[in-house]
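Visitor: Please see the structure below; I have some questions.
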Amino acid sequence: MKNVLITGGAGFIGSNLALELEKKGHDVVVLDDYSSASIQNLRGFRGDIFIGDESRLEECGSAFDVIFHQAAITDTTFRDDREMLRKNIDGFRKVLQFAMRKNAVLVYASSAGTYGNGKAPMRESQEPQPLNAYAYSKYFMDNLAKKHAKDLKVVGVRYFNVFGPGEKHKGKSASMVYQLYRQMAAGRNPRIFKYGEQVRDHVYVKDVVAATIRAADAKESGVFNVGTGEATTFNQIIDHLNKAMKASFRPEYFDNPYTDVYQVNTRADISRIGKALGWKPRFSTRTGIADYVAWLKAQGE
Ligand SMILES: NC(=O)c1ccc[n+]([C@@H]2O[C@H](COP(=O)([O-])OP(=O)(O)OC[C@H]3O[C@@H](n4cnc5c(N)ncnc54)[C@H](O)[C@@H]3O)[C@@H](O)[C@H]2O)c1
């Protein structure tokens, strides 16, 4: 059995990870300041939880085999750039130092935001092109991790657009899949930016959790894309939702207010994680959406 710490463990991905690790028999401690989490996300969790930020790390325990760092300001439209950078980078620095002191493996959440509008399919080796403060914070975290790659095992999981159970608290930062589902479930036509042809790699949280757990067993430090490898337009998301909901809503298009900082074409090249960790997604975007819609309906959403 492994002793595991998850920062941001009450958030969307962190809570799915906490529950799955417990199911696998690990001893899990969560640290979360509840700045964007939901109290409901840890229903059924049996481990210990500390409410606060990285200044409470030492109180969380003295022996951890693996630390999963999920905590971050995750709202990409957060207005205060300085605060975004400070919190995300300094928070990571503290976790990195803690992991070194404890001799623990550190797996941290990077982001496809670091690629900006770089060439797709996106490879870990290509030049980063962050477009906003959030993406910059992840880019600087990657640099910091690289700098310490020889001092400890530090593995970045570069998530693309994650969707699935437990994201409701994220509000306007929740996935497109969730936003569009909510509109359609309320009987409205889904609203998307003109003309719905923006391409993203939408990956299901169950696969993201499996990849994140696998990352702890990486032979050496590094960063790995976590996506489906599929290119899916917003129009296709609506098609998948219509099928899963047995509905026939049509998109309503409106102008995108974020044109200069908006990623229009993301898709992961997942060959590195496949080769190094033997991970590949179990769900396509379409089957992930079907699974998620069944869950949302069961919740009465
Ligand atoms: N969801 C996605 O599509 C996606 C894509 C790329 C990367 N990521 C990264 O994955 C990680 C998890 O994201 P998420 O989607 O679950 O978002 P989330 O907002 O649900 O989770 C973040 C959690 O961290 C907590 N938190 C924030 N700052 C903290 C701090 N200083 N100390 C302790 N807790 C803190 C929040 O309360 C929240 O529970 C983040 O690092 C995010 O940047 C997510």
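Ordering of the structure tokens sets the chain letters (A, B, ...); residue numbers start at 1 within each chain; ligands are numbered from 1 in the order shown.
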List the spatial neighbours of Val105 of chain A as an NGL selection string - criterion: any atom at most 8 Å away, only C-alpha atoms, same-chain residues fewer than 6 positions off excluded.
Guide: :A and (65-67 or 99 or 152-154 or 216)
Visitor: Kindly work out which residues sit at most 8 Å from ligand 1, using only C-alpha atoms and all ligand atoms, and give the list as number ranges by chain.
Guide: A: 7-15, 31-38, 51-54, 69-75, 87-88, 91, 108-113, 134, 138, 158-163, 166-167, 169-170, 174-175
Visitor: Near Thr259 of chain A, counting only C-alpha atoms, which residues have an atom at most 12 Å away, once you skip same-chain residues fewer than 2 positions from it, shown as a list in words?
Guide: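 Here the answer would be Asn117, Leu131, Asn132, Phe193, Lys194, Gln198, Asp255, Asn256, Pro257, Val261, Tyr262, Gln263 and Val264 of chain A.
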Visitor: Using N, CA, C and O atoms, can you write the selected residues to a file as a short mmCIF file (atom, residue, chain, number, x, y, z; two decimals), in the first residue's frame?
Guide:
```
data_model
loop_
_atom_site.label_atom_id
_atom_site.label_comp_id
_atom_site.auth_asym_id
_atom_site.auth_seq_id
_atom_site.Cartn_x
_atom_site.Cartn_y
_atom_site.Cartn_z
N ASN A 117 -1.53 28.18 -29.70
CA ASN A 117 -1.95 27.81 -31.05
C ASN A 117 -0.79 27.22 -31.86
O ASN A 117 -0.67 27.43 -33.06
N LEU A 131 -0.74 31.53 -24.09
CA LEU A 131 -1.50 32.70 -24.55
C LEU A 131 -2.04 33.56 -23.42
O LEU A 131 -2.43 34.69 -23.63
N ASN A 132 -2.12 32.99 -22.22
CA ASN A 132 -2.69 33.77 -21.10
C ASN A 132 -1.93 33.44 -19.81
O ASN A 132 -1.05 32.57 -19.81
N PHE A 193 -19.31 29.44 -30.04
CA PHE A 193 -18.68 30.50 -30.84
C PHE A 193 -18.81 30.19 -32.32
O PHE A 193 -18.79 29.02 -32.74
N LYS A 194 -18.93 31.25 -33.13
CA LYS A 194 -19.03 31.10 -34.58
C LYS A 194 -17.81 30.37 -35.12
O LYS A 194 -16.69 30.74 -34.75
N GLN A 198 -14.08 25.12 -34.15
CA GLN A 198 -12.87 25.10 -33.32
C GLN A 198 -12.61 23.65 -32.88
O GLN A 198 -13.54 22.94 -32.47
N ASP A 255 -20.45 35.56 -31.49
CA ASP A 255 -19.05 35.99 -31.65
C ASP A 255 -18.21 35.58 -30.45
O ASP A 255 -18.65 35.70 -29.31
N ASN A 256 -16.99 35.15 -30.72
CA ASN A 256 -16.05 34.80 -29.66
C ASN A 256 -15.37 36.08 -29.14
O ASN A 256 -14.66 36.75 -29.88
N PRO A 257 -15.57 36.43 -27.84
CA PRO A 257 -14.95 37.66 -27.33
C PRO A 257 -13.46 37.51 -27.03
O PRO A 257 -12.79 38.49 -26.75
N VAL A 261 -6.66 35.36 -27.45
CA VAL A 261 -6.06 34.42 -26.48
C VAL A 261 -6.77 33.06 -26.53
O VAL A 261 -6.76 32.32 -25.56
N TYR A 262 -7.35 32.73 -27.65
CA TYR A 262 -8.17 31.53 -27.72
C TYR A 262 -7.48 30.42 -28.51
O TYR A 262 -6.97 30.66 -29.61
N GLN A 263 -7.48 29.21 -27.94
CA GLN A 263 -6.90 28.08 -28.68
C GLN A 263 -7.94 27.55 -29.66
O GLN A 263 -9.03 27.17 -29.25
N VAL A 264 -7.59 27.54 -30.93
CA VAL A 264 -8.58 27.14 -31.94
C VAL A 264 -8.36 25.73 -32.45
O VAL A 264 -9.24 25.15 -33.10
#
```
Visitor: Interatomic distance between atom CA of Pro121 of chain A and atom CA of Arg272 of chain A?
Guide: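 Distance reported for this atom pair: 12.4 Å.
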Visitor: Could you list, as a short mmCIF file (atom, residue, chain, number, x, y, z; two decimals) with N, CA, C and O atoms, in the first residue's frame, every residue within 7 Å of Asp269 of chain A, counting only C-alpha atoms and ignoring same-chain residues fewer than 6 positions away?
Guide:
```cif
data_model
loop_
_atom_site.label_atom_id
_atom_site.label_comp_id
_atom_site.auth_asym_id
_atom_site.auth_seq_id
_atom_site.Cartn_x
_atom_site.Cartn_y
_atom_site.Cartn_z
N PRO A 121 -0.97 17.75 -34.52
CA PRO A 121 -1.01 17.28 -33.15
C PRO A 121 0.19 17.77 -32.34
O PRO A 121 1.29 17.86 -32.85
N MET A 122 -0.10 18.08 -31.08
CA MET A 122 0.91 18.71 -30.25
C MET A 122 1.82 17.67 -29.60
O MET A 122 1.35 16.67 -29.04
N ARG A 123 3.10 17.94 -29.70
CA ARG A 123 4.10 17.02 -29.12
C ARG A 123 4.79 17.71 -27.96
O ARG A 123 5.02 18.91 -28.00
N ASN A 225 1.74 14.18 -22.55
CA ASN A 225 0.40 14.59 -22.97
C ASN A 225 -0.64 13.59 -22.49
O ASN A 225 -0.40 12.37 -22.53
N GLY A 229 -6.11 12.09 -28.48
CA GLY A 229 -5.48 12.05 -29.80
C GLY A 229 -6.48 12.37 -30.90
O GLY A 229 -6.14 12.39 -32.07
#
```
Visitor: Between A:Val29, A:Ala268, A:Met141, A:Met245, single out the one closest to Lys297 of chain A, counting only C-alpha atoms.
Guide: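 Nearest to Lys297 of chain A: A:Met245.
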Visitor: Using DSSP on the backbone coordinates, identify all residues within segment 239-287 of chain A classified as strand (DSSP E or B); present the result as an NGL selection string.
Guide: :A and (252-254 or 265 or 268)
Visitor: Can you write just those residues out, N, CA, C and O atoms, as a CSV table (one decimal), in the first residue's frame?
Guide:
```
chain,number,residue,atom,x,y,z
A,252,GLU,N,-26.6,27.4,-31.8
A,252,GLU,CA,-26.7,28.8,-32.0
A,252,GLU,C,-25.4,29.4,-31.9
A,252,GLU,O,-24.7,29.2,-30.9
A,253,TYR,N,-25.0,30.2,-32.9
A,253,TYR,CA,-23.6,30.7,-33.0
A,253,TYR,C,-23.5,32.2,-32.5
A,253,TYR,O,-24.4,32.9,-32.8
A,254,PHE,N,-22.5,32.5,-31.8
A,254,PHE,CA,-22.2,33.9,-31.4
A,254,PHE,C,-20.8,34.2,-31.5
A,254,PHE,O,-19.9,33.3,-31.5
A,265,ASN,N,-7.2,25.2,-32.1
A,265,ASN,CA,-6.9,23.8,-32.7
A,265,ASN,C,-6.0,23.1,-31.8
A,265,ASN,O,-4.8,23.2,-31.9
A,268,ALA,N,-3.8,16.2,-29.0
A,268,ALA,CA,-2.6,15.6,-28.4
A,268,ALA,C,-2.0,14.6,-29.3
A,268,ALA,O,-2.7,13.7,-29.8
```
Visitor: Which is closer to Met84 of chain A than all the others in A:Phe98, A:Phe45, A:Phe140, A:Phe50, using only C-alpha atoms?
Guide: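 That would be A:Phe140, the residue with the smallest distance to Met84 of chain A.
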Visitor: Rank nothing, just name the residue among A:Leu96, A:Met176, A:Ala133, A:Ala215 nearest to Thr77 of chain A, using only C-alpha atoms.
Guide: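 Distance minimum relative to Thr77 of chain A lands on A:Ala133.
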